[in-house]
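Heads up: the structure comes next, in structure tokens.
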Amino acid sequence: MPAIDLSGKPIAITGAGSGIGRATAIVCARAGMPVALGGRREDKLLDVRSQIERFGGRAIAVTTDVTSQPDCDALIERTCEAFGSIYAVYGNAGYGFEKPIHQTSDAELRAIFETNFFGCMNTIRPALPRMIHAGLGHVLLCSSCIGKIGLPLYGPYCATKGAQVLVARAMRHELKPLGVHVTSVHPVLTSTEFAEVAQRVTGANRMADDMPRFLVQTPERVARATLAALRWPRTEVWTSHTTRWLFALFNATPRLADLALNRFTHSSAATDRE
């Protein structure tokens, strides 16, 4: 299949002020895509827009809270007004925290689903009628490698990311006959604000603290892989094939997964006692 020419094809990205969203916006703009930057922090969005405009790219900044459907509707409307259409939409905004599920309140659980899952759906849905009418488009959902497995202490986060995976797979088959591609993105631990937010929400982040540095990837690596998926549409984007096949093995052999997860849990508990 020949590569899709992305030049002039607009994309709207949420969580675009930092981390994976920012990096993806920049690589997409360098590939010639006009970019609509969505996020809550206007100063961050304006900084990304300025960086894109300095190298000749096109971008708009739209203050967007993904838990607000009107905000997400406005993001898509502004994209079409500024660039004439929308080709791709990336539901990327999200956060995580570390806490056992039995200690997680209903309010905390609902809040993380409102941002990570429903916020993603709020972003995607207003773009779909335009893509379907045009007969082409690309939907991306930023899930996670641990959307494939229930990691202890990160159960609520895993649940939101797992929900994205299942929805992406269903949508992929529903939308393919209509000319719209659907891709889920599965980063491993990435050097973004995720760890800072987890630390702020619950005062801990063992996943970041215990992970060997060589296993931590940059947002730019995820962004480059995502851009490749826009050029050559694929089902899922993974930046660690080792992690992909390991988690596939875990899903095929639950007992092995439990042994590994038990070791992770005990290692974290030992760290707490030191």
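If you're wondering about the labels, chains in the structure tokens are A, B, ... by order shown, residues count from 1 in each chain, ligands from 1 in order shown.
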Q: as a PyMOL selection string, please: all residues of stretch 26-205 of chain A that backbone DSSP puts in helix (DSSP H, G or I).
A: chain A and resi 26-30+42-54+69-83+101-103+106-124+128-134+145-148+155-178+194-202
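Look at stretch 87-104 of chain A: the protein and nucleic acid residues within 6 Å of it, using only C-alpha atoms and passing over chain neighbours fewer than 5 places away, are Lys9, Pro10, Ile11, Ala12, Ile13, Thr14, Gly15, Thr115, Asn116, Cys120, Gly137, His138, Val139, Leu140, Leu141, Cys142, Leu153, Tyr154, Tyr157 and Ala198 of chain A.
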**Q.** Residues within 6 Å of stretch 233-240 of chain A, only C-alpha atoms, excluding chain neighbours under 6 positions, as a ChimeraX atom specification
**A.** /A:183-186
Write the residues of the selection above to a file with N, CA and C atoms, as a CSV table (one decimal), in the first residue's frame.
```csv
chain,number,residue,atom,x,y,z
A,183,THR,N,-7.2,3.6,14.8
A,183,THR,CA,-6.0,3.1,15.4
A,183,THR,C,-5.9,3.4,16.8
A,184,SER,N,-5.5,2.4,17.6
A,184,SER,CA,-5.2,2.6,19.0
A,184,SER,C,-3.7,2.7,19.2
A,185,VAL,N,-3.2,3.6,20.1
A,185,VAL,CA,-1.8,3.8,20.3
A,185,VAL,C,-1.5,3.3,21.7
A,186,HIS,N,-0.4,2.5,21.8
A,186,HIS,CA,-0.1,1.9,23.1
A,186,HIS,C,1.3,2.2,23.6
```
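For the set A:Asn251, A:Pro187, A:Arg169, A:Ala29, the residue with the smallest atom-to-atom gap to A:Lys148 is A:Asn251, counting only C-alpha atoms.
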Q: Rank nothing, just name the residue among A:Ala228, A:Ala159, A:Cys145, A:Gln51 nearest to A:His241, using only C-alpha atoms.
A: A:Cys145
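Note that atom CA of A:Gly162 and atom CA of A:Ser143 are 7.3 Å apart.
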